[in-house]
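Report on one structure; see the data block that follows.
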Amino acid sequence: MSEYQFKKIKPPEEGELVRIVDGKLVVPDNPIVAYIEGDGIGPEIVTVARRVLDAAIEKAYGGRRRIVWWEIYAGHKAQEIYGELLPRDTLEAIKYTKVAIKGPLTTPVGGGYRSLNVAIRKALDLYANIRPVQYFGQPAPHRYADKVDFIIFRENTEDLYAGIEWPAGSPEAAKLREFLKKELGVELREDAGIGIKPITKFATQRLMRKALQYAVRKKRRVVTIMHKGNIMKYTEGAFREWAYELALEEFRDHIVTEEELYSKYNGEMPEGKILVNDRIADNMLQQIITRPWDYDIIVAPNINGDYISDEANALVGGIGMAAGMNAGDYMAVAEPVHGTAPKYAGKNKVNPSAEILSGCLLLEHMGWEEPVSLIKEAIRRAIADKKVTYDLARHMPGVEPLGTKEYGEALIEYIKEM
Ligand code: NAD
């Protein structure tokens with residue numbers, strides 16, 4: 001049992017907990033998985049996602065495995081039940097189950113939280129934001145969309161995102177300017193807002209380790225370190241150095257660096273090895289458009305990761321398909337990239353694919369790969385048969401869109417037929 005006493009929720013009596021044994025995640029056949037419905041369109045898409053995941057698990061394992069779902073609360077539902085947006089019960093429940101899926105949450109305007117999502121990531125030290133970008137045949141603006149298959153590992157805890165900054169004219173900014181001038185001989189204008197960009201070896205290397213573990217497990221081809229180290233030498237440049245260092249120290253048998261590829265292997269990748277290379281951020285933002293086939297797994301500090309994941313999703317047709325997961329060493333919370341789409345809330349209209357594919361990341365994290373293949377194939381078939389929600393239908397002349405729920409049912413039908 002958890003040491004913590006839950007106040008207003010109770011773990012399900014059936015089902016077992018995911019555990020950590022000898023540094024490994026051990027998943028029972030009936031794991032308890034926590035879920036947060038979230039705000040706006042959240043409840044609709046999370047409900048459909050859970051149904052589709054359940055159907056795929058049932059199909060893949062014939063009843064031998066199943067998820068025991070446990071509802072926990074954040075956002076408006078938590079406000080109603082607890083009188084606060086992110087109760088301690090919720091954070092403790094995720095620590096307890098280690099695996100969770102959530103819908104989007106409204107970012108409260110003013111006061112308290114910068115964002116509930118950020119608060120959850122911080123409280124649980126979910127340091128890797130993992131965003132796959134894959135093409136399923138949907139209408140896409142890019143002529144090479146079918147060549148896009150990336151997974152972005154974006155650092156979640158530091159860089160400018162850590163929010164260490166002070167406004168122009170504040171006493172803190174004045175103090176800092178004074179310190180910089182006196183102690184380090186750096187002069188800044190009086191009207192400078194000041195932000196600090198910390199990047200550590202610790203955070204860089206744990207992210208790189210996670211990306212390489214994934215690459216090895218999933219037999220991926222290339223891991224690219226994205227950085228602007230030519231200009232920001234001791235932050236982004238160090239990110240590059242530390243990432244290579246970790247790759248060579250911990251994954252020597254699995255990887256070949258780009259330098260080695262030419263110095264030792266005459267430009268021919270040896271069978272079964274993963275190429276580790278690096279690219280400067282601005283160049284790379286162009287190259288994923290002009291040469292998407294060169295990219296596979298992308299490891300980036302926070303801000304680069306933010307830009308490239310949105311750009312990459314745009315190549316394959318946008319937000320309704322964009323999945324994500326925030327992960328620590330063991331804990332993981334899956335969530336789509338998109339927000340609460342308030343104007344569509346309760347209308348049974350939006351695309352639940354991003355939420356469903358986020359759930360697939362969670363299944364992969366748990367080592368349940370078979371249902372993921374079924375779900376991805378069902379999405380491919382639905383799109384090929386033009387059974388899609390409005391966001392895709394509007395780019396397919398003459399196609400009548402399905403509702404959120406009906407699209408989910410169509411996916412389940414495809415899964416059952418496989
Ligand atoms: P949004 O992602 O909610 O919407 C952007 C656009 O995409 C809108 O046109 C919306 O209708 C459309 N859209 C979003 N999801 C879709 C789906 N599944 N299918 C089809 N179309 C979809 O972004 P926003 O309007 O900037 O933000 C709304 C709220 O969501 C804000 O409170 C914001 O803070 C919050 N938000 C939360 C998260 C999160 O919980 N992780 C992420 C982003 C934004």
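Ligands are numbered from 1 in the order shown, chains are lettered A, B, ... in the order of the structure tokens, and residues start at 1 in each chain.
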
Inset, instruction - Select from range 202-338 of chain A everything DSSP, run on the backbone, classes as alpha helix (DSSP H), then give the selection as a ChimeraX atom specification. - result: /A:202-217,238-250,258-263,281-290,302-315

Write out as CSV the residues of range 110-176 of chain A that have any atom within 10 Å of an atom of range 393-410 of chain A, one row each with the nearest atom pair and its distance in Å to one decimal, counting only C-alpha atoms, sorted by chain and then rising number.
```
residue,atom,partner,partner_atom,distance
A:Gln138,CA,A:His395,CA,9.1
A:Pro139,CA,A:His395,CA,6.3
A:Ala140,CA,A:His395,CA,8.7
```

Residues of chain A that have any atom at most 8 Å from an atom of ligand 1: could you tabulate them with the shortest-distance atom pair and the distance in Å to one decimal, using only C-alpha atoms and all ligand atoms, ordered by chain and increasing number, as JSON lines?
```
{"residue": "A:Gly38", "atom": "CA", "partner": "ligand 1", "partner_atom_place_in_ligand_line": "40 (O)", "distance": 7.6}
{"residue": "A:Gly40", "atom": "CA", "partner": "ligand 1", "partner_atom_place_in_ligand_line": "30 (O)", "distance": 7.9}
{"residue": "A:Ile41", "atom": "CA", "partner": "ligand 1", "partner_atom_place_in_ligand_line": "18 (N)", "distance": 7.6}
{"residue": "A:Ile45", "atom": "CA", "partner": "ligand 1", "partner_atom_place_in_ligand_line": "18 (N)", "distance": 7.5}
{"residue": "A:Gly103", "atom": "CA", "partner": "ligand 1", "partner_atom_place_in_ligand_line": "40 (O)", "distance": 6.5}
{"residue": "A:Pro104", "atom": "CA", "partner": "ligand 1", "partner_atom_place_in_ligand_line": "40 (O)", "distance": 3.2}
{"residue": "A:Leu105", "atom": "CA", "partner": "ligand 1", "partner_atom_place_in_ligand_line": "40 (O)", "distance": 3.9}
{"residue": "A:Thr106", "atom": "CA", "partner": "ligand 1", "partner_atom_place_in_ligand_line": "32 (O)", "distance": 3.6}
{"residue": "A:Thr107", "atom": "CA", "partner": "ligand 1", "partner_atom_place_in_ligand_line": "34 (O)", "distance": 3.9}
{"residue": "A:Pro108", "atom": "CA", "partner": "ligand 1", "partner_atom_place_in_ligand_line": "32 (O)", "distance": 6.8}
{"residue": "A:Ser115", "atom": "CA", "partner": "ligand 1", "partner_atom_place_in_ligand_line": "34 (O)", "distance": 7.1}
{"residue": "A:Leu116", "atom": "CA", "partner": "ligand 1", "partner_atom_place_in_ligand_line": "40 (O)", "distance": 7.5}
{"residue": "A:Asn117", "atom": "CA", "partner": "ligand 1", "partner_atom_place_in_ligand_line": "40 (O)", "distance": 5.8}
{"residue": "A:Ile319", "atom": "CA", "partner": "ligand 1", "partner_atom_place_in_ligand_line": "16 (C)", "distance": 5.9}
{"residue": "A:Gly320", "atom": "CA", "partner": "ligand 1", "partner_atom_place_in_ligand_line": "19 (N)", "distance": 4.0}
{"residue": "A:Met321", "atom": "CA", "partner": "ligand 1", "partner_atom_place_in_ligand_line": "18 (N)", "distance": 7.2}
{"residue": "A:Glu335", "atom": "CA", "partner": "ligand 1", "partner_atom_place_in_ligand_line": "41 (N)", "distance": 6.4}
{"residue": "A:Pro336", "atom": "CA", "partner": "ligand 1", "partner_atom_place_in_ligand_line": "41 (N)", "distance": 6.4}
{"residue": "A:Val337", "atom": "CA", "partner": "ligand 1", "partner_atom_place_in_ligand_line": "42 (C)", "distance": 5.7}
{"residue": "A:His338", "atom": "CA", "partner": "ligand 1", "partner_atom_place_in_ligand_line": "2 (O)", "distance": 3.6}
{"residue": "A:Gly339", "atom": "CA", "partner": "ligand 1", "partner_atom_place_in_ligand_line": "3 (O)", "distance": 3.2}
{"residue": "A:Thr340", "atom": "CA", "partner": "ligand 1", "partner_atom_place_in_ligand_line": "3 (O)", "distance": 4.0}
{"residue": "A:Ala341", "atom": "CA", "partner": "ligand 1", "partner_atom_place_in_ligand_line": "3 (O)", "distance": 3.4}
{"residue": "A:Pro342", "atom": "CA", "partner": "ligand 1", "partner_atom_place_in_ligand_line": "28 (C)", "distance": 6.2}
{"residue": "A:Lys343", "atom": "CA", "partner": "ligand 1", "partner_atom_place_in_ligand_line": "11 (O)", "distance": 6.5}
{"residue": "A:Tyr344", "atom": "CA", "partner": "ligand 1", "partner_atom_place_in_ligand_line": "11 (O)", "distance": 6.4}
{"residue": "A:Lys349", "atom": "CA", "partner": "ligand 1", "partner_atom_place_in_ligand_line": "19 (N)", "distance": 7.6}
{"residue": "A:Val350", "atom": "CA", "partner": "ligand 1", "partner_atom_place_in_ligand_line": "19 (N)", "distance": 3.9}
{"residue": "A:Asn351", "atom": "CA", "partner": "ligand 1", "partner_atom_place_in_ligand_line": "19 (N)", "distance": 3.8}
{"residue": "A:Pro352", "atom": "CA", "partner": "ligand 1", "partner_atom_place_in_ligand_line": "18 (N)", "distance": 5.3}
{"residue": "A:Ser353", "atom": "CA", "partner": "ligand 1", "partner_atom_place_in_ligand_line": "18 (N)", "distance": 7.0}
{"residue": "A:Ala354", "atom": "CA", "partner": "ligand 1", "partner_atom_place_in_ligand_line": "18 (N)", "distance": 6.3}
{"residue": "A:Glu355", "atom": "CA", "partner": "ligand 1", "partner_atom_place_in_ligand_line": "18 (N)", "distance": 7.5}
{"residue": "A:Thr389", "atom": "CA", "partner": "ligand 1", "partner_atom_place_in_ligand_line": "20 (C)", "distance": 7.7}
{"residue": "A:Tyr390", "atom": "CA", "partner": "ligand 1", "partner_atom_place_in_ligand_line": "20 (C)", "distance": 7.3}
{"residue": "A:Asp391", "atom": "CA", "partner": "ligand 1", "partner_atom_place_in_ligand_line": "20 (C)", "distance": 5.3}
```

Legend entry - Coordinates-based distance that separates CA of Glu249 in chain A from CA of Lys201 in chain A (Å, one decimal): 13.7 Å

Legend entry - Test item: residues at most 8 Å from Leu285 in chain A, only C-alpha atoms, excluding those fewer than 3 positions along its chain, as a PyMOL selection string: chain A and resi 281-282+288-289+308+311

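Residues in contact with Gly367 in chain A at up to 12 Å, not including ones fewer than 2 positions away on its chain and judged by only C-alpha atoms, are Val18, Lys24, Leu25, Val26, Val27, Pro28, Asp29, Tyr214, Arg217, Lys218, Cys360, Leu361, Leu362, Leu363, Glu364, His365, Glu369, Glu370, Pro371 and Val372 of chain A.
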
Would you put the residues from that selection into a file with C-alpha atoms, as an mmCIF file, in the first residue's frame?
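Contents of result_23.cif, freshly written:
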```cif
data_model
loop_
_atom_site.group_PDB
_atom_site.id
_atom_site.type_symbol
_atom_site.label_atom_id
_atom_site.label_comp_id
_atom_site.auth_asym_id
_atom_site.auth_seq_id
_atom_site.Cartn_x
_atom_site.Cartn_y
_atom_site.Cartn_z
ATOM 1 C CA VAL A 18 3.044 -1.803 -11.772
ATOM 2 C CA LYS A 24 13.066 -2.608 -14.110
ATOM 3 C CA LEU A 25 9.390 -1.875 -14.574
ATOM 4 C CA VAL A 26 7.383 -5.013 -13.844
ATOM 5 C CA VAL A 27 3.894 -4.968 -15.320
ATOM 6 C CA PRO A 28 1.294 -7.475 -14.130
ATOM 7 C CA ASP A 29 -1.368 -8.838 -16.503
ATOM 8 C CA TYR A 214 14.232 3.332 -26.902
ATOM 9 C CA ARG A 217 14.577 -1.660 -27.977
ATOM 10 C CA LYS A 218 12.746 -0.584 -31.115
ATOM 11 C CA CYS A 360 -0.181 3.588 -27.385
ATOM 12 C CA LEU A 361 2.994 5.230 -26.064
ATOM 13 C CA LEU A 362 1.935 4.239 -22.567
ATOM 14 C CA LEU A 363 1.349 0.637 -23.683
ATOM 15 C CA GLU A 364 4.822 0.586 -25.266
ATOM 16 C CA HIS A 365 6.252 1.945 -22.007
ATOM 17 C CA GLU A 369 3.566 -3.789 -28.067
ATOM 18 C CA GLU A 370 1.020 -6.069 -29.781
ATOM 19 C CA PRO A 371 -2.116 -3.939 -29.201
ATOM 20 C CA VAL A 372 -0.191 -0.888 -30.431
#
```

Legend entry - Atom-to-atom span, CA of Phe251 in chain A and CA of Arg220 in chain A, Å: 13.8 Å

Within 10 Å of range 66-79 of chain A using only C-alpha atoms, minus same-chain residues under 6 positions, as a compact mmCIF listing (two decimals) with N, CA, C and O atoms, in the first residue's frame:
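This went into around29.txt:
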```txt
# COMPACT_ATOMS: atom_id res chain seq x y z
N LYS A 8 -9.97 11.49 -1.15
CA LYS A 8 -11.29 11.41 -1.81
C LYS A 8 -11.33 10.41 -2.95
O LYS A 8 -12.28 10.37 -3.70
N ILE A 9 -10.28 9.65 -3.12
CA ILE A 9 -10.30 8.59 -4.13
C ILE A 9 -9.81 7.31 -3.47
O ILE A 9 -9.16 7.37 -2.41
N LYS A 10 -10.12 6.20 -4.10
CA LYS A 10 -9.71 4.92 -3.52
C LYS A 10 -9.20 4.03 -4.65
O LYS A 10 -9.88 3.89 -5.66
N PRO A 11 -8.02 3.43 -4.49
CA PRO A 11 -7.53 2.56 -5.56
C PRO A 11 -8.52 1.41 -5.79
O PRO A 11 -9.13 0.94 -4.82
N PRO A 12 -8.68 0.97 -7.03
CA PRO A 12 -9.60 -0.14 -7.29
C PRO A 12 -9.16 -1.39 -6.52
O PRO A 12 -7.97 -1.60 -6.31
N GLU A 13 -10.15 -2.18 -6.12
CA GLU A 13 -9.79 -3.37 -5.34
C GLU A 13 -9.21 -4.47 -6.21
O GLU A 13 -8.34 -5.21 -5.82
N GLU A 14 -9.72 -4.56 -7.44
CA GLU A 14 -9.11 -5.54 -8.35
C GLU A 14 -7.93 -4.87 -9.05
O GLU A 14 -7.77 -3.66 -8.98
N GLY A 15 -7.14 -5.68 -9.70
CA GLY A 15 -5.99 -5.13 -10.42
C GLY A 15 -4.77 -5.07 -9.51
O GLY A 15 -4.88 -5.04 -8.29
N GLU A 16 -3.59 -5.08 -10.15
CA GLU A 16 -2.34 -5.04 -9.39
C GLU A 16 -1.52 -3.84 -9.83
O GLU A 16 -1.72 -3.31 -10.92
N LEU A 17 -0.57 -3.48 -8.99
CA LEU A 17 0.24 -2.31 -9.31
C LEU A 17 1.43 -2.66 -10.20
O LEU A 17 2.01 -3.75 -10.07
N PRO A 28 2.13 -6.28 -14.27
CA PRO A 28 1.29 -7.48 -14.13
C PRO A 28 0.33 -7.59 -15.31
O PRO A 28 0.26 -6.67 -16.13
N ASP A 29 -0.42 -8.68 -15.39
CA ASP A 29 -1.37 -8.84 -16.50
C ASP A 29 -2.63 -8.00 -16.32
O ASP A 29 -3.41 -7.85 -17.27
N ASN A 30 -2.83 -7.49 -15.09
CA ASN A 30 -4.02 -6.66 -14.84
C ASN A 30 -3.63 -5.36 -14.13
O ASN A 30 -4.08 -5.08 -13.02
N PRO A 31 -2.77 -4.56 -14.77
CA PRO A 31 -2.25 -3.36 -14.09
C PRO A 31 -3.33 -2.30 -13.85
O PRO A 31 -4.24 -2.14 -14.66
N ILE A 32 -3.18 -1.59 -12.74
CA ILE A 32 -4.04 -0.42 -12.50
C ILE A 32 -3.41 0.76 -13.22
O ILE A 32 -2.23 1.07 -13.01
N VAL A 33 -4.18 1.39 -14.08
CA VAL A 33 -3.71 2.57 -14.80
C VAL A 33 -4.62 3.74 -14.43
O VAL A 33 -5.85 3.63 -14.54
N ALA A 34 -4.01 4.83 -13.97
CA ALA A 34 -4.81 6.00 -13.59
C ALA A 34 -5.16 6.82 -14.82
O ALA A 34 -4.40 6.84 -15.79
N TYR A 35 -6.32 7.46 -14.79
CA TYR A 35 -6.65 8.37 -15.89
C TYR A 35 -7.31 9.64 -15.39
O TYR A 35 -8.03 9.63 -14.40
N ILE A 36 -6.98 10.73 -16.09
CA ILE A 36 -7.57 12.04 -15.81
C ILE A 36 -8.32 12.44 -17.06
O ILE A 36 -7.73 12.51 -18.14
N GLU A 37 -9.61 12.69 -16.95
CA GLU A 37 -10.36 13.04 -18.16
C GLU A 37 -9.98 14.41 -18.70
O GLU A 37 -9.96 14.60 -19.91
N GLY A 38 -9.74 15.34 -17.78
CA GLY A 38 -9.34 16.67 -18.23
C GLY A 38 -10.52 17.57 -18.57
O GLY A 38 -11.67 17.23 -18.30
N ASP A 39 -10.21 18.68 -19.20
CA ASP A 39 -11.22 19.72 -19.46
C ASP A 39 -11.60 19.75 -20.94
O ASP A 39 -10.95 19.11 -21.78
N GLY A 40 -12.62 20.55 -21.26
CA GLY A 40 -13.02 20.76 -22.66
C GLY A 40 -13.37 19.45 -23.34
O GLY A 40 -14.22 18.70 -22.85
N ARG A 50 -9.88 5.04 -24.08
CA ARG A 50 -9.86 3.88 -23.19
C ARG A 50 -10.55 2.69 -23.85
O ARG A 50 -10.09 1.56 -23.78
N LEU A 53 -8.23 1.27 -26.59
CA LEU A 53 -7.11 0.54 -25.98
C LEU A 53 -7.58 -0.80 -25.43
O LEU A 53 -6.95 -1.84 -25.66
N ASP A 54 -8.72 -0.78 -24.74
CA ASP A 54 -9.26 -2.03 -24.17
C ASP A 54 -9.52 -3.06 -25.27
O ASP A 54 -9.19 -4.24 -25.13
N ALA A 55 -10.13 -2.59 -26.37
CA ALA A 55 -10.48 -3.52 -27.46
C ALA A 55 -9.21 -4.13 -28.06
O ALA A 55 -9.17 -5.33 -28.37
N ALA A 56 -8.16 -3.31 -28.22
CA ALA A 56 -6.92 -3.82 -28.82
C ALA A 56 -6.21 -4.78 -27.88
O ALA A 56 -5.64 -5.80 -28.32
N ILE A 57 -6.26 -4.50 -26.59
CA ILE A 57 -5.62 -5.40 -25.61
C ILE A 57 -6.36 -6.74 -25.59
O ILE A 57 -5.75 -7.81 -25.59
N GLU A 58 -7.68 -6.66 -25.61
CA GLU A 58 -8.51 -7.88 -25.62
C GLU A 58 -8.19 -8.72 -26.87
O GLU A 58 -7.98 -9.93 -26.80
N LEU A 85 -7.44 22.75 -8.22
CA LEU A 85 -7.30 22.22 -9.58
C LEU A 85 -6.39 20.99 -9.66
O LEU A 85 -6.56 20.15 -10.53
N LEU A 86 -5.41 20.95 -8.77
CA LEU A 86 -4.48 19.81 -8.82
C LEU A 86 -4.22 19.31 -7.40
O LEU A 86 -3.25 19.67 -6.75
N PRO A 87 -5.12 18.46 -6.89
CA PRO A 87 -4.99 18.00 -5.50
C PRO A 87 -3.83 17.03 -5.31
O PRO A 87 -3.39 16.37 -6.26
N ARG A 88 -3.37 16.97 -4.07
CA ARG A 88 -2.26 16.06 -3.76
C ARG A 88 -2.64 14.61 -4.06
O ARG A 88 -1.81 13.82 -4.52
N ASP A 89 -3.91 14.24 -3.79
CA ASP A 89 -4.39 12.88 -4.11
C ASP A 89 -3.97 12.46 -5.53
O ASP A 89 -3.57 11.32 -5.75
N THR A 90 -4.10 13.38 -6.46
CA THR A 90 -3.86 13.06 -7.87
C THR A 90 -2.39 12.75 -8.12
O THR A 90 -2.05 11.75 -8.77
N LEU A 91 -1.52 13.60 -7.58
CA LEU A 91 -0.08 13.36 -7.76
C LEU A 91 0.35 12.07 -7.07
O LEU A 91 1.12 11.28 -7.62
N ALA A 93 -1.52 9.51 -6.49
CA ALA A 93 -2.09 8.37 -7.23
C ALA A 93 -1.19 8.00 -8.42
O ALA A 93 -1.00 6.82 -8.71
N ILE A 94 -0.64 9.00 -9.08
CA ILE A 94 0.24 8.69 -10.23
C ILE A 94 1.53 8.05 -9.72
O ILE A 94 2.04 7.09 -10.32
N THR A 97 0.50 4.39 -9.05
CA THR A 97 0.26 3.49 -10.20
C THR A 97 1.44 3.50 -11.18
O THR A 97 1.60 2.57 -11.97
N ALA A 100 -0.08 6.52 -16.20
CA ALA A 100 -1.34 7.27 -16.25
C ALA A 100 -1.53 7.85 -17.64
O ALA A 100 -0.58 8.03 -18.40
N ILE A 101 -2.79 8.15 -17.94
CA ILE A 101 -3.10 8.84 -19.20
C ILE A 101 -4.01 10.00 -18.85
O ILE A 101 -4.82 9.90 -17.93
N LYS A 102 -3.83 11.10 -19.54
CA LYS A 102 -4.67 12.25 -19.24
C LYS A 102 -5.17 12.94 -20.50
O LYS A 102 -4.55 12.86 -21.56
N GLY A 103 -6.30 13.61 -20.34
CA GLY A 103 -6.79 14.51 -21.38
C GLY A 103 -6.16 15.88 -21.15
O GLY A 103 -5.49 16.11 -20.15
N PRO A 104 -6.41 16.81 -22.08
CA PRO A 104 -5.86 18.15 -21.91
C PRO A 104 -6.52 18.89 -20.75
O PRO A 104 -7.66 18.58 -20.38
N LEU A 105 -5.80 19.84 -20.18
CA LEU A 105 -6.34 20.64 -19.06
C LEU A 105 -6.26 22.12 -19.42
O LEU A 105 -5.29 22.56 -20.04
N THR A 106 -7.28 22.84 -19.03
CA THR A 106 -7.27 24.29 -19.25
C THR A 106 -6.17 24.91 -18.41
O THR A 106 -6.03 24.56 -17.24
N THR A 107 -5.41 25.80 -19.02
CA THR A 107 -4.41 26.52 -18.23
C THR A 107 -5.10 27.68 -17.52
O THR A 107 -5.69 28.53 -18.19
N PRO A 108 -5.10 27.68 -16.17
CA PRO A 108 -5.80 28.76 -15.47
C PRO A 108 -5.15 30.10 -15.81
O PRO A 108 -3.93 30.20 -15.91
N LEU A 116 -1.19 23.56 -15.45
CA LEU A 116 -1.35 22.34 -14.64
C LEU A 116 -0.45 21.22 -15.18
O LEU A 116 0.06 20.41 -14.43
N ASN A 117 -0.29 21.21 -16.50
CA ASN A 117 0.55 20.18 -17.11
C ASN A 117 1.99 20.31 -16.65
O ASN A 117 2.65 19.34 -16.31
N ILE A 120 2.30 19.12 -13.08
CA ILE A 120 2.35 17.65 -12.97
C ILE A 120 3.75 17.14 -13.35
O ILE A 120 4.36 16.35 -12.65
```

Inset, instruction - Please identify all polymer residues within 9 Å of Gly272 in chain A, counting only C-alpha atoms, omitting same-chain residues fewer than 3 positions from it, and present them as a list in words. - result: Lys219, Arg221, His254, Ile255 and Met269 of chain A

Create the file for the chosen residues now, containing all heavy atoms and written as a JSON list (two decimals), in the first residue's frame.
```json
[["chain", "number", "residue", "atom", "x", "y", "z"],
["A", 219, "LYS", "N", 14.84, -1.00, -32.30],
["A", 219, "LYS", "CA", 15.68, -1.16, -33.50],
["A", 219, "LYS", "C", 15.59, 0.02, -34.46],
["A", 219, "LYS", "O", 15.34, -0.14, -35.66],
["A", 219, "LYS", "CB", 15.34, -2.46, -34.22],
["A", 219, "LYS", "CG", 15.50, -3.70, -33.35],
["A", 219, "LYS", "CD", 15.45, -4.94, -34.24],
["A", 219, "LYS", "CE", 15.86, -6.22, -33.54],
["A", 219, "LYS", "NZ", 15.30, -6.47, -32.23],
["A", 221, "ARG", "N", 17.13, 3.52, -36.45],
["A", 221, "ARG", "CA", 18.34, 3.64, -37.26],
["A", 221, "ARG", "C", 19.30, 4.74, -36.81],
["A", 221, "ARG", "O", 20.52, 4.61, -36.87],
["A", 221, "ARG", "CB", 17.98, 3.99, -38.71],
["A", 221, "ARG", "CG", 17.12, 3.04, -39.44],
["A", 221, "ARG", "CD", 16.71, 3.65, -40.79],
["A", 221, "ARG", "NE", 15.87, 4.83, -40.66],
["A", 221, "ARG", "CZ", 16.14, 6.02, -41.14],
["A", 221, "ARG", "NH1", 17.24, 6.26, -41.79],
["A", 221, "ARG", "NH2", 15.29, 7.03, -40.96],
["A", 254, "HIS", "N", 26.29, -0.63, -29.27],
["A", 254, "HIS", "CA", 25.11, -0.46, -30.12],
["A", 254, "HIS", "C", 25.25, 0.66, -31.15],
["A", 254, "HIS", "O", 24.50, 0.72, -32.10],
["A", 254, "HIS", "CB", 23.88, -0.12, -29.25],
["A", 254, "HIS", "CG", 23.50, -1.22, -28.33],
["A", 254, "HIS", "ND1", 22.81, -2.34, -28.75],
["A", 254, "HIS", "CD2", 23.71, -1.40, -27.00],
["A", 254, "HIS", "CE1", 22.61, -3.14, -27.73],
["A", 254, "HIS", "NE2", 23.15, -2.61, -26.66],
["A", 255, "ILE", "N", 26.20, 1.57, -30.91],
["A", 255, "ILE", "CA", 26.19, 2.79, -31.73],
["A", 255, "ILE", "C", 27.49, 3.01, -32.52],
["A", 255, "ILE", "O", 28.56, 2.50, -32.17],
["A", 255, "ILE", "CB", 25.93, 4.05, -30.87],
["A", 255, "ILE", "CG1", 27.07, 4.24, -29.85],
["A", 255, "ILE", "CG2", 24.59, 3.98, -30.15],
["A", 255, "ILE", "CD1", 27.76, 5.54, -29.95],
["A", 269, "MET", "N", 27.15, 2.12, -43.04],
["A", 269, "MET", "CA", 26.72, 1.78, -41.68],
["A", 269, "MET", "C", 26.83, 0.27, -41.45],
["A", 269, "MET", "O", 26.30, -0.52, -42.23],
["A", 269, "MET", "CB", 25.25, 2.17, -41.50],
["A", 269, "MET", "CG", 24.97, 3.42, -40.70],
["A", 269, "MET", "SD", 25.95, 3.69, -39.24],
["A", 269, "MET", "CE", 24.93, 2.96, -37.98]]
```

Inset, instruction - Based on DSSP run over this structure's backbone, return all residues of range 82-227 of chain A in strand (DSSP E), as a PyMOL selection string. - result: chain A and resi 99-102+128-134+149-155+165-166+194-195+222-227

Inset, instruction - Would you mind listing what lies within 8 Å of range 169-174 of chain A as a ChimeraX atom specification, with only C-alpha atoms counted and same-chain residues fewer than 2 positions away left out? - result: /A:166-167,176-178,190-194

Legend entry - For CA of Ala162 in chain A and CA of Ala300 in chain A, the interatomic separation in Å (one decimal): 15.0 Å

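Take the candidates A:Lys147, A:His227, A:Lys59, A:Arg279 and check each one against Ile375 in chain A using only C-alpha atoms; the shortest distance goes to A:Lys59.
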